[in-house]
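Coordinates from upload.cif are shown below (mmCIF, C-alpha atoms).
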```cif
data_run
#
loop_
_atom_site.group_PDB
_atom_site.id
_atom_site.type_symbol
_atom_site.label_atom_id
_atom_site.label_comp_id
_atom_site.auth_asym_id
_atom_site.auth_seq_id
_atom_site.Cartn_x
_atom_site.Cartn_y
_atom_site.Cartn_z
ATOM 1 C CA MET A 1 0.000 0.000 0.000
ATOM 2 C CA ASP A 2 1.339 3.384 -0.972
ATOM 3 C CA ARG A 3 0.278 6.670 0.432
ATOM 4 C CA GLN A 4 -1.102 9.132 -2.049
ATOM 5 C CA ASP A 5 0.165 12.673 -2.000
ATOM 6 C CA THR A 6 -2.651 14.707 -0.587
ATOM 7 C CA THR A 7 -3.247 18.155 0.740
ATOM 8 C CA ASP A 8 -6.089 17.076 2.959
ATOM 9 C CA TYR A 9 -4.238 17.941 6.160
ATOM 10 C CA GLU A 10 -3.306 21.153 7.924
ATOM 11 C CA ASP A 11 -0.225 21.899 9.985
ATOM 12 C CA GLY A 12 -0.181 21.592 13.751
ATOM 13 C CA ASN A 13 -1.097 25.227 14.272
ATOM 14 C CA ALA A 14 -4.667 24.049 13.691
ATOM 15 C CA LEU A 15 -4.414 22.563 17.196
ATOM 16 C CA ALA A 16 -3.790 25.957 18.843
ATOM 17 C CA GLY A 17 -7.413 26.872 19.439
ATOM 18 C CA PRO A 18 -8.760 23.464 20.429
ATOM 19 C CA LEU A 19 -5.809 22.704 22.750
ATOM 20 C CA GLY A 20 -5.911 26.289 24.090
ATOM 21 C CA GLU A 21 -9.240 25.351 25.605
ATOM 22 C CA LEU A 22 -7.465 22.686 27.680
ATOM 23 C CA PHE A 23 -3.989 24.084 28.445
ATOM 24 C CA THR A 24 -2.687 27.511 29.409
ATOM 25 C CA ALA A 25 0.701 26.981 27.693
ATOM 26 C CA ASP A 26 1.018 27.239 23.901
ATOM 27 C CA VAL A 27 1.249 23.549 23.093
ATOM 28 C CA THR A 28 1.954 24.204 19.400
ATOM 29 C CA ALA A 29 5.423 25.408 20.456
ATOM 30 C CA ALA A 30 6.032 22.122 22.271
ATOM 31 C CA SER A 31 8.077 19.318 20.802
ATOM 32 C CA GLY A 32 7.158 15.688 21.118
ATOM 33 C CA ARG A 33 8.582 12.287 20.321
ATOM 34 C CA CYS A 34 6.667 9.931 18.054
ATOM 35 C CA ALA A 35 5.966 6.537 19.586
ATOM 36 C CA GLY A 36 6.043 5.025 16.099
ATOM 37 C CA CYS A 37 9.358 6.123 14.583
ATOM 38 C CA GLY A 38 11.041 7.969 17.451
ATOM 39 C CA ARG A 39 11.353 11.233 15.568
ATOM 40 C CA THR A 40 11.087 14.400 17.601
ATOM 41 C CA ALA A 41 8.898 17.049 15.986
ATOM 42 C CA VAL A 42 7.424 20.380 16.951
ATOM 43 C CA VAL A 43 3.673 20.108 17.394
ATOM 44 C CA ALA A 44 3.214 22.857 14.795
ATOM 45 C CA ASP A 45 4.857 20.538 12.238
ATOM 46 C CA LEU A 46 2.394 17.695 12.752
ATOM 47 C CA ARG A 47 -0.123 16.849 10.044
ATOM 48 C CA VAL A 48 -3.601 17.543 11.339
ATOM 49 C CA TYR A 49 -6.634 15.920 9.724
ATOM 50 C CA ALA A 50 -9.444 18.218 10.774
ATOM 51 C CA HIS A 51 -12.163 17.126 8.324
ATOM 52 C CA ALA A 52 -13.192 14.274 10.545
ATOM 53 C CA PRO A 53 -15.343 13.670 13.635
ATOM 54 C CA GLY A 54 -12.355 14.874 15.681
ATOM 55 C CA LEU A 55 -8.842 16.242 15.196
ATOM 56 C CA VAL A 56 -6.206 13.660 14.282
ATOM 57 C CA ALA A 57 -2.555 14.788 14.388
ATOM 58 C CA ARG A 58 -0.051 12.492 12.674
ATOM 59 C CA CYS A 59 3.737 12.258 12.604
ATOM 60 C CA PRO A 60 5.092 13.984 9.478
ATOM 61 C CA SER A 61 7.575 11.115 9.031
ATOM 62 C CA CYS A 62 5.613 7.907 9.593
ATOM 63 C CA ASP A 63 1.920 8.936 9.846
ATOM 64 C CA THR A 64 1.548 7.445 13.321
ATOM 65 C CA VAL A 65 -1.310 9.086 15.189
ATOM 66 C CA ILE A 66 0.423 11.364 17.722
ATOM 67 C CA LEU A 67 -2.647 13.012 19.168
ATOM 68 C CA ARG A 68 -6.415 12.783 18.856
ATOM 69 C CA LEU A 69 -8.895 15.291 20.197
ATOM 70 C CA VAL A 70 -12.679 15.087 20.243
ATOM 71 C CA ARG A 71 -14.738 17.963 21.567
ATOM 72 C CA ALA A 72 -17.999 16.569 22.866
ATOM 73 C CA PRO A 73 -20.657 19.016 24.102
ATOM 74 C CA ASP A 74 -19.696 18.596 27.751
ATOM 75 C CA ALA A 75 -16.091 17.329 27.643
ATOM 76 C CA ALA A 76 -12.962 17.033 25.565
ATOM 77 C CA TRP A 77 -11.381 13.638 24.873
ATOM 78 C CA LEU A 78 -7.619 13.725 24.390
ATOM 79 C CA ASP A 79 -5.538 10.713 23.330
ATOM 80 C CA LEU A 80 -1.753 11.035 23.439
ATOM 81 C CA ARG A 81 -0.820 7.373 23.134
ATOM 82 C CA GLY A 82 1.324 8.074 20.068
ATOM 83 C CA THR A 83 3.450 10.523 22.026
ATOM 84 C CA VAL A 84 6.419 9.265 24.067
ATOM 85 C CA TYR A 85 6.762 12.664 25.723
ATOM 86 C CA MET A 86 6.006 16.301 25.084
ATOM 87 C CA ARG A 87 8.410 19.105 25.984
ATOM 88 C CA VAL A 88 6.542 22.334 26.604
ATOM 89 C CA PRO A 89 8.569 25.597 26.737
ATOM 90 C CA LEU A 90 7.663 27.614 29.844
ATOM 91 C CA PRO A 91 8.793 30.902 31.405
ATOM 92 C CA PRO A 92 11.447 30.499 34.172
ATOM 93 C CA ALA A 93 9.865 29.147 37.305
ATOM 94 C CA MET B 1 -39.396 39.839 -14.255
ATOM 95 C CA GLY B 2 -38.687 36.409 -15.537
ATOM 96 C CA ILE B 3 -40.426 33.253 -14.594
ATOM 97 C CA VAL B 4 -38.594 31.457 -11.861
ATOM 98 C CA SER B 5 -38.567 27.755 -12.385
ATOM 99 C CA ARG B 6 -37.718 25.323 -9.677
ATOM 100 C CA GLY B 7 -36.866 22.797 -12.346
ATOM 101 C CA PHE B 8 -37.504 19.135 -12.030
ATOM 102 C CA HIS B 9 -36.153 17.288 -9.048
ATOM 103 C CA SER B 10 -35.905 13.562 -8.664
ATOM 104 C CA ARG B 11 -35.766 13.968 -4.902
ATOM 105 C CA ALA B 12 -38.086 15.594 -2.447
ATOM 106 C CA ARG B 13 -37.280 19.185 -1.533
ATOM 107 C CA PRO B 14 -35.720 19.739 1.874
ATOM 108 C CA ALA B 15 -38.994 20.895 3.389
ATOM 109 C CA ASP B 16 -40.522 17.526 2.546
ATOM 110 C CA VAL B 17 -37.675 15.446 3.904
ATOM 111 C CA LYS B 18 -37.582 13.915 7.326
ATOM 112 C CA LEU B 19 -34.038 13.856 8.639
ATOM 113 C CA PRO B 20 -32.642 12.378 11.854
ATOM 114 C CA PRO B 21 -32.533 14.919 14.717
ATOM 115 C CA GLY B 22 -29.824 17.567 14.421
ATOM 116 C CA GLN B 23 -29.002 16.796 10.771
ATOM 117 C CA TYR B 24 -29.042 19.127 7.759
ATOM 118 C CA LEU B 25 -29.362 18.194 4.105
ATOM 119 C CA THR B 26 -26.448 18.443 1.687
ATOM 120 C CA GLU B 27 -26.324 17.738 -2.041
ATOM 121 C CA ASP B 28 -22.548 17.354 -2.359
ATOM 122 C CA PHE B 29 -20.520 14.522 -0.835
ATOM 123 C CA PRO B 30 -18.148 15.899 1.815
ATOM 124 C CA VAL B 31 -14.859 14.059 2.265
ATOM 125 C CA LEU B 32 -14.002 13.235 5.858
ATOM 126 C CA SER B 33 -10.830 11.432 6.712
ATOM 127 C CA ALA B 34 -8.732 10.731 9.789
ATOM 128 C CA GLY B 35 -5.594 10.155 7.740
ATOM 129 C CA PRO B 36 -3.980 10.057 4.315
ATOM 130 C CA THR B 37 -5.874 8.410 1.475
ATOM 131 C CA PRO B 38 -4.249 5.034 0.820
ATOM 132 C CA SER B 39 -3.544 3.867 -2.714
ATOM 133 C CA ILE B 40 -4.445 0.181 -2.916
ATOM 134 C CA ALA B 41 -3.663 -1.925 -5.981
ATOM 135 C CA ARG B 42 -6.599 -4.171 -6.832
ATOM 136 C CA GLU B 43 -4.305 -7.158 -7.433
ATOM 137 C CA GLU B 44 -3.081 -6.814 -3.840
ATOM 138 C CA TRP B 45 -6.463 -5.986 -2.299
ATOM 139 C CA GLU B 46 -8.057 -8.498 0.036
ATOM 140 C CA PHE B 47 -10.988 -8.723 2.372
ATOM 141 C CA THR B 48 -10.924 -11.103 5.309
ATOM 142 C CA ILE B 49 -13.322 -12.259 7.988
ATOM 143 C CA THR B 50 -11.549 -13.847 10.948
ATOM 144 C CA THR B 51 -13.784 -15.700 13.374
ATOM 145 C CA GLU B 52 -13.423 -15.850 17.143
ATOM 146 C CA SER B 53 -11.782 -19.281 16.762
ATOM 147 C CA GLY B 54 -9.177 -17.913 14.325
ATOM 148 C CA THR B 55 -10.655 -19.290 11.103
ATOM 149 C CA ARG B 56 -9.852 -16.872 8.314
ATOM 150 C CA HIS B 57 -12.039 -16.364 5.258
ATOM 151 C CA ARG B 58 -10.407 -14.406 2.452
ATOM 152 C CA TRP B 59 -11.550 -12.861 -0.818
ATOM 153 C CA SER B 60 -9.341 -11.346 -3.479
ATOM 154 C CA TRP B 61 -10.628 -8.464 -5.608
ATOM 155 C CA ARG B 62 -11.455 -10.870 -8.430
ATOM 156 C CA GLU B 63 -13.289 -13.192 -6.033
ATOM 157 C CA LEU B 64 -15.297 -10.286 -4.605
ATOM 158 C CA LEU B 65 -16.430 -9.154 -8.037
ATOM 159 C CA ALA B 66 -17.423 -12.727 -8.947
ATOM 160 C CA LEU B 67 -20.005 -12.755 -6.134
ATOM 161 C CA PRO B 68 -23.603 -11.631 -6.736
ATOM 162 C CA SER B 69 -23.876 -7.889 -6.249
ATOM 163 C CA GLU B 70 -26.701 -5.634 -5.128
ATOM 164 C CA ARG B 71 -27.507 -2.007 -5.943
ATOM 165 C CA PRO B 72 -28.868 -0.362 -2.819
ATOM 166 C CA THR B 73 -30.075 3.246 -2.808
ATOM 167 C CA VAL B 74 -29.598 4.586 0.700
ATOM 168 C CA ASP B 75 -29.478 7.749 2.804
ATOM 169 C CA LEU B 76 -26.211 8.723 4.512
ATOM 170 C CA HIS B 77 -26.023 10.450 7.891
ATOM 171 C CA CYS B 78 -22.668 11.779 9.119
ATOM 172 C CA VAL B 79 -22.106 12.508 12.790
ATOM 173 C CA THR B 80 -20.762 15.939 11.741
ATOM 174 C CA LYS B 81 -24.439 16.643 10.994
ATOM 175 C CA TRP B 82 -24.775 16.455 7.211
ATOM 176 C CA SER B 83 -27.118 13.997 5.556
ATOM 177 C CA LYS B 84 -27.159 13.007 1.901
ATOM 178 C CA LEU B 85 -30.207 11.245 0.543
ATOM 179 C CA GLY B 86 -30.804 8.730 -2.211
ATOM 180 C CA THR B 87 -27.203 7.673 -2.875
ATOM 181 C CA GLY B 88 -26.708 4.785 -5.300
ATOM 182 C CA TRP B 89 -24.168 2.056 -4.648
ATOM 183 C CA GLU B 90 -23.155 -1.355 -5.937
ATOM 184 C CA GLY B 91 -21.526 -3.973 -3.793
ATOM 185 C CA VAL B 92 -21.733 -7.377 -2.171
ATOM 186 C CA SER B 93 -24.072 -7.946 0.749
ATOM 187 C CA LEU B 94 -22.384 -9.043 3.968
ATOM 188 C CA ASP B 95 -25.020 -11.814 4.033
ATOM 189 C CA THR B 96 -23.321 -13.268 0.943
ATOM 190 C CA LEU B 97 -19.857 -13.050 2.494
ATOM 191 C CA PHE B 98 -21.065 -14.613 5.732
ATOM 192 C CA ALA B 99 -22.834 -17.512 4.000
ATOM 193 C CA ASP B 100 -20.066 -19.997 4.880
ATOM 194 C CA VAL B 101 -18.808 -18.322 8.063
ATOM 195 C CA GLU B 102 -19.536 -20.263 11.225
ATOM 196 C CA THR B 103 -19.520 -18.039 14.261
ATOM 197 C CA ALA B 104 -21.206 -17.485 17.590
ATOM 198 C CA ALA B 105 -19.666 -14.011 17.956
ATOM 199 C CA GLU B 106 -21.912 -11.018 18.544
ATOM 200 C CA PHE B 107 -19.484 -8.257 17.597
ATOM 201 C CA ALA B 108 -17.241 -7.279 14.719
ATOM 202 C CA LEU B 109 -14.205 -5.016 14.771
ATOM 203 C CA VAL B 110 -13.823 -3.732 11.225
ATOM 204 C CA HIS B 111 -10.374 -2.667 10.066
ATOM 205 C CA SER B 112 -9.200 -0.703 7.060
ATOM 206 C CA TYR B 113 -6.081 -0.140 4.999
ATOM 207 C CA GLY B 114 -4.406 2.502 7.135
ATOM 208 C CA ASP B 115 -5.048 2.323 10.874
ATOM 209 C CA TYR B 116 -8.785 2.916 11.076
ATOM 210 C CA THR B 117 -11.118 0.612 12.984
ATOM 211 C CA THR B 118 -14.787 0.653 13.963
ATOM 212 C CA ASN B 119 -16.924 -1.754 15.977
ATOM 213 C CA ILE B 120 -20.387 -2.915 14.954
ATOM 214 C CA PRO B 121 -22.718 -5.573 16.383
ATOM 215 C CA LEU B 122 -22.727 -8.517 14.006
ATOM 216 C CA GLU B 123 -26.511 -8.445 13.671
ATOM 217 C CA ASP B 124 -26.223 -4.935 12.183
ATOM 218 C CA LEU B 125 -24.039 -6.305 9.391
ATOM 219 C CA LEU B 126 -26.499 -9.036 8.448
ATOM 220 C CA GLY B 127 -30.131 -9.121 7.327
ATOM 221 C CA GLY B 128 -29.636 -7.030 4.186
ATOM 222 C CA GLU B 129 -28.373 -3.961 6.035
ATOM 223 C CA ALA B 130 -24.671 -3.804 5.058
ATOM 224 C CA TRP B 131 -22.497 -4.163 1.964
ATOM 225 C CA ILE B 132 -18.903 -4.105 0.774
ATOM 226 C CA ALA B 133 -19.460 -1.372 -1.807
ATOM 227 C CA TYR B 134 -17.187 -0.807 -4.787
ATOM 228 C CA GLN B 135 -19.278 1.429 -7.053
ATOM 229 C CA TYR B 136 -20.903 4.767 -6.329
ATOM 230 C CA GLU B 137 -23.457 6.255 -8.737
ATOM 231 C CA GLY B 138 -22.348 3.875 -11.481
ATOM 232 C CA GLU B 139 -18.635 4.606 -11.236
ATOM 233 C CA ASP B 140 -15.750 2.886 -9.499
ATOM 234 C CA LEU B 141 -15.641 4.158 -5.927
ATOM 235 C CA ALA B 142 -13.137 7.027 -5.758
ATOM 236 C CA PRO B 143 -10.212 6.645 -3.325
ATOM 237 C CA VAL B 144 -11.269 9.711 -1.296
ATOM 238 C CA HIS B 145 -14.619 8.048 -0.665
ATOM 239 C CA GLY B 146 -13.053 4.731 0.309
ATOM 240 C CA GLY B 147 -12.187 3.039 -2.986
ATOM 241 C CA PRO B 148 -11.477 0.418 -4.067
ATOM 242 C CA ALA B 149 -14.097 -0.731 -1.543
ATOM 243 C CA ARG B 150 -15.731 0.495 1.624
ATOM 244 C CA LEU B 151 -18.128 -0.875 4.151
ATOM 245 C CA LEU B 152 -21.638 0.546 3.798
ATOM 246 C CA VAL B 153 -23.870 0.408 6.890
ATOM 247 C CA PRO B 154 -26.289 3.235 6.181
ATOM 248 C CA HIS B 155 -28.564 2.798 9.199
ATOM 249 C CA LEU B 156 -25.688 3.896 11.477
ATOM 250 C CA TYR B 157 -23.682 7.140 11.427
ATOM 251 C CA LEU B 158 -21.273 7.168 8.506
ATOM 252 C CA TRP B 159 -18.103 6.738 10.603
ATOM 253 C CA LYS B 160 -19.224 3.095 10.915
ATOM 254 C CA SER B 161 -19.066 2.681 7.108
ATOM 255 C CA ALA B 162 -15.298 2.222 7.116
ATOM 256 C CA LYS B 163 -13.508 3.487 4.018
ATOM 257 C CA TRP B 164 -10.740 1.326 2.443
ATOM 258 C CA VAL B 165 -12.137 -1.680 4.279
ATOM 259 C CA ARG B 166 -9.776 -4.631 4.598
ATOM 260 C CA GLY B 167 -11.527 -7.036 6.900
ATOM 261 C CA MET B 168 -13.103 -7.721 10.239
ATOM 262 C CA ARG B 169 -12.439 -9.725 13.356
ATOM 263 C CA LEU B 170 -15.418 -11.409 14.993
ATOM 264 C CA LEU B 171 -15.423 -11.026 18.759
ATOM 265 C CA THR B 172 -17.380 -12.435 21.658
ATOM 266 C CA GLU B 173 -16.874 -9.177 23.565
ATOM 267 C CA ASP B 174 -17.259 -5.681 22.149
ATOM 268 C CA GLU B 175 -14.062 -3.755 21.466
ATOM 269 C CA PRO B 176 -14.254 -0.032 20.660
ATOM 270 C CA GLY B 177 -12.812 1.262 17.407
ATOM 271 C CA PHE B 178 -10.992 4.467 16.433
ATOM 272 C CA TRP B 179 -13.729 6.985 17.293
ATOM 273 C CA GLU B 180 -15.656 4.830 19.731
ATOM 274 C CA SER B 181 -12.573 4.828 21.997
ATOM 275 C CA LEU B 182 -12.464 8.627 22.045
ATOM 276 C CA GLY B 183 -15.852 9.823 23.163
ATOM 277 C CA TYR B 184 -18.081 8.731 20.299
ATOM 278 C CA HIS B 185 -21.058 6.487 20.839
ATOM 279 C CA ASP B 186 -20.530 2.750 20.732
ATOM 280 C CA TYR B 187 -23.529 2.101 18.463
ATOM 281 C CA GLY B 188 -24.260 5.363 16.605
ATOM 282 C CA ASP B 189 -27.941 5.307 15.624
ATOM 283 C CA PRO B 190 -28.657 8.644 13.886
ATOM 284 C CA TRP B 191 -32.413 8.450 14.556
ATOM 285 C CA ARG B 192 -31.694 8.270 18.302
ATOM 286 C CA GLU B 193 -28.923 10.892 17.882
ATOM 287 C CA GLN B 194 -26.307 8.651 19.467
ATOM 288 C CA ARG B 195 -23.314 10.866 18.690
ATOM 289 C CA TYR B 196 -21.315 10.759 21.915
ATOM 290 C CA GLN B 197 -20.944 8.388 24.818
ATOM 291 C CA GLY B 198 -23.905 8.816 27.116
ATOM 292 C CA ASP B 199 -26.295 9.953 24.345
#
```
If you took the structure in this file and wrote it as structure tokens, what would it be?
Amino acid sequence: MDRQDTTDYEDGNALAGPLGELFTADVTAASGRCAGCGRTAVVADLRVYAHAPGLVARCPSCDTVILRLVRAPDAAWLDLRGTVYMRVPLPPA
Amino acid sequence: MGIVSRGFHSRARPADVKLPPGQYLTEDFPVLSAGPTPSIAREEWEFTITTESGTRHRWSWRELLALPSERPTVDLHCVTKWSKLGTGWEGVSLDTLFADVETAAEFALVHSYGDYTTNIPLEDLLGGEAWIAYQYEGEDLAPVHGGPARLLVPHLYLWKSAKWVRGMRLLTEDEPGFWESLGYHDYGDPWREQRYQGD
């Protein structure tokens, strides 16, 4: 199976608003490690499939699902199982 | 002032249509996808049903097309709230594929080329309610809509009609799929508006 070249995704900045509802820090500036291929990528560089029942952010190298977010009427569902860790830049403590 | 003609419509106008709660009518066919569109060569395509005991039934593309096909005309209801009425498909009924499958399982976990999965009670796949569809409106099913073949289960929300379908595992216990494990309803009946868990 080959992957077709498509432009049906957006970059990780599409996560800014939806994740801003959950976290005070700007998570799009964070970097994370893909559980599939081990590559470290900035969240803004992820490929976000937004034309779906939720947001699906994939690794730009191997397409592993890094993050999924569903906004239900009374809760948000966040899945980070494709993320080994996330490093979030913060002001000095 | 000219005469305004509504033209001739083969379908009822929106005011005459009864839609599931919370849905609106659309005439186009929106493309929703949780990942890149896979390119699947028909000579490599396969569909499998694996029973709870591990017995594996397999069909190649040629074997699928050799089976009797049906041409259902069905309404589609997407959980993102659009509905599209009177869509024409051609495909093989799951009843045909299950003719020689011996199982006591009550659930199926459908899987696709790519990493998509969705769970459906087995009884919802049988009884003339579900197909492996490979044509849409008389044409080969386009890759963005799930071609070469997709599952078609029109009485449930469209996320259950897995695009690029590859097979299913039959299970004695229910196992949530891609969206069902992240807040979406386990069953997804549009007429009962079962969008999210707890609906």
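Between Arg68 in chain A and the candidates A:Val48, A:Val84, A:Cys37, A:Tyr9, the tightest atom-to-atom separation, counting only C-alpha atoms, involves A:Val48.
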If we count only C-alpha atoms and set the cut-off at 10 Å, which residues sit around Leu78 in chain A, ignoring sequence neighbours fewer than 2 positions away in its own chain? Please answer as a PDB file with C-alpha atoms, in the frame of the given file.
```
ATOM      1  CA  LEU A  19      -5.809  22.704  22.750  1.00  0.00           C
ATOM      2  CA  LEU A  22      -7.465  22.686  27.680  1.00  0.00           C
ATOM      3  CA  GLY A  54     -12.355  14.874  15.681  1.00  0.00           C
ATOM      4  CA  LEU A  55      -8.842  16.242  15.196  1.00  0.00           C
ATOM      5  CA  LEU A  67      -2.647  13.012  19.168  1.00  0.00           C
ATOM      6  CA  ARG A  68      -6.415  12.783  18.856  1.00  0.00           C
ATOM      7  CA  LEU A  69      -8.895  15.291  20.197  1.00  0.00           C
ATOM      8  CA  VAL A  70     -12.679  15.087  20.243  1.00  0.00           C
ATOM      9  CA  ARG A  71     -14.738  17.963  21.567  1.00  0.00           C
ATOM     10  CA  ALA A  75     -16.091  17.329  27.643  1.00  0.00           C
ATOM     11  CA  ALA A  76     -12.962  17.033  25.565  1.00  0.00           C
ATOM     12  CA  LEU A  80      -1.753  11.035  23.439  1.00  0.00           C
ATOM     13  CA  ARG A  81      -0.820   7.373  23.134  1.00  0.00           C
TER      14      ARG A  81
ATOM     15  CA  LEU B 182     -12.464   8.627  22.045  1.00  0.00           C
ATOM     16  CA  GLY B 183     -15.852   9.823  23.163  1.00  0.00           C
TER      17      GLY B 183
END
```
Problem set entry | Check: which chain B residues lie within 6 Å of chain A using only C-alpha atoms, as a count of residues only | 8
For this session: Check what the PyMOL selection byres ((chain A and resi 15) around 9) selects in the file above and give those residues as number ranges by chain.
Result: A: 11-14, 16-20, 27-28, 43-44, 48, 55, 57
Exercise. What does the distance from CA of Trp131 in chain B to CA of Arg71 in chain B come to in Å, to one decimal?
Worked result: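 It comes out at 9.6 Å.
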For this session: Within 6 Å of range 51-58 of chain B, counting only C-alpha atoms, which residues show up once you throw out same-chain ones fewer than 4 positions away? Write them as number ranges by chain, please.
Result: B: 47, 170-171
For this session: Could you tell me which residues the PyMOL selection byres ((chain B and resi 110-112) around 7) grabs in this file, written as an NGL selection string?
Result: :B and (108-109 or 113-119 or 162-169)
Using C-alpha atoms, can you write the selected residues to a file as a compact mmCIF listing (two decimals), in the coordinates of the input?
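Resulting contents of result-v4.txt:
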```
# COMPACT_ATOMS: atom_id res chain seq x y z
CA ALA B 108 -17.24 -7.28 14.72
CA LEU B 109 -14.20 -5.02 14.77
CA TYR B 113 -6.08 -0.14 5.00
CA GLY B 114 -4.41 2.50 7.14
CA ASP B 115 -5.05 2.32 10.87
CA TYR B 116 -8.78 2.92 11.08
CA THR B 117 -11.12 0.61 12.98
CA THR B 118 -14.79 0.65 13.96
CA ASN B 119 -16.92 -1.75 15.98
CA ALA B 162 -15.30 2.22 7.12
CA LYS B 163 -13.51 3.49 4.02
CA TRP B 164 -10.74 1.33 2.44
CA VAL B 165 -12.14 -1.68 4.28
CA ARG B 166 -9.78 -4.63 4.60
CA GLY B 167 -11.53 -7.04 6.90
CA MET B 168 -13.10 -7.72 10.24
CA ARG B 169 -12.44 -9.72 13.36
```
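Put simply, CA of Gln194 in chain B is 22.1 Å away from CA of Gly128 in chain B.
Taking CA of His185 in chain B as the reference point, CA of Val79 in chain B is found at 10.1 Å.
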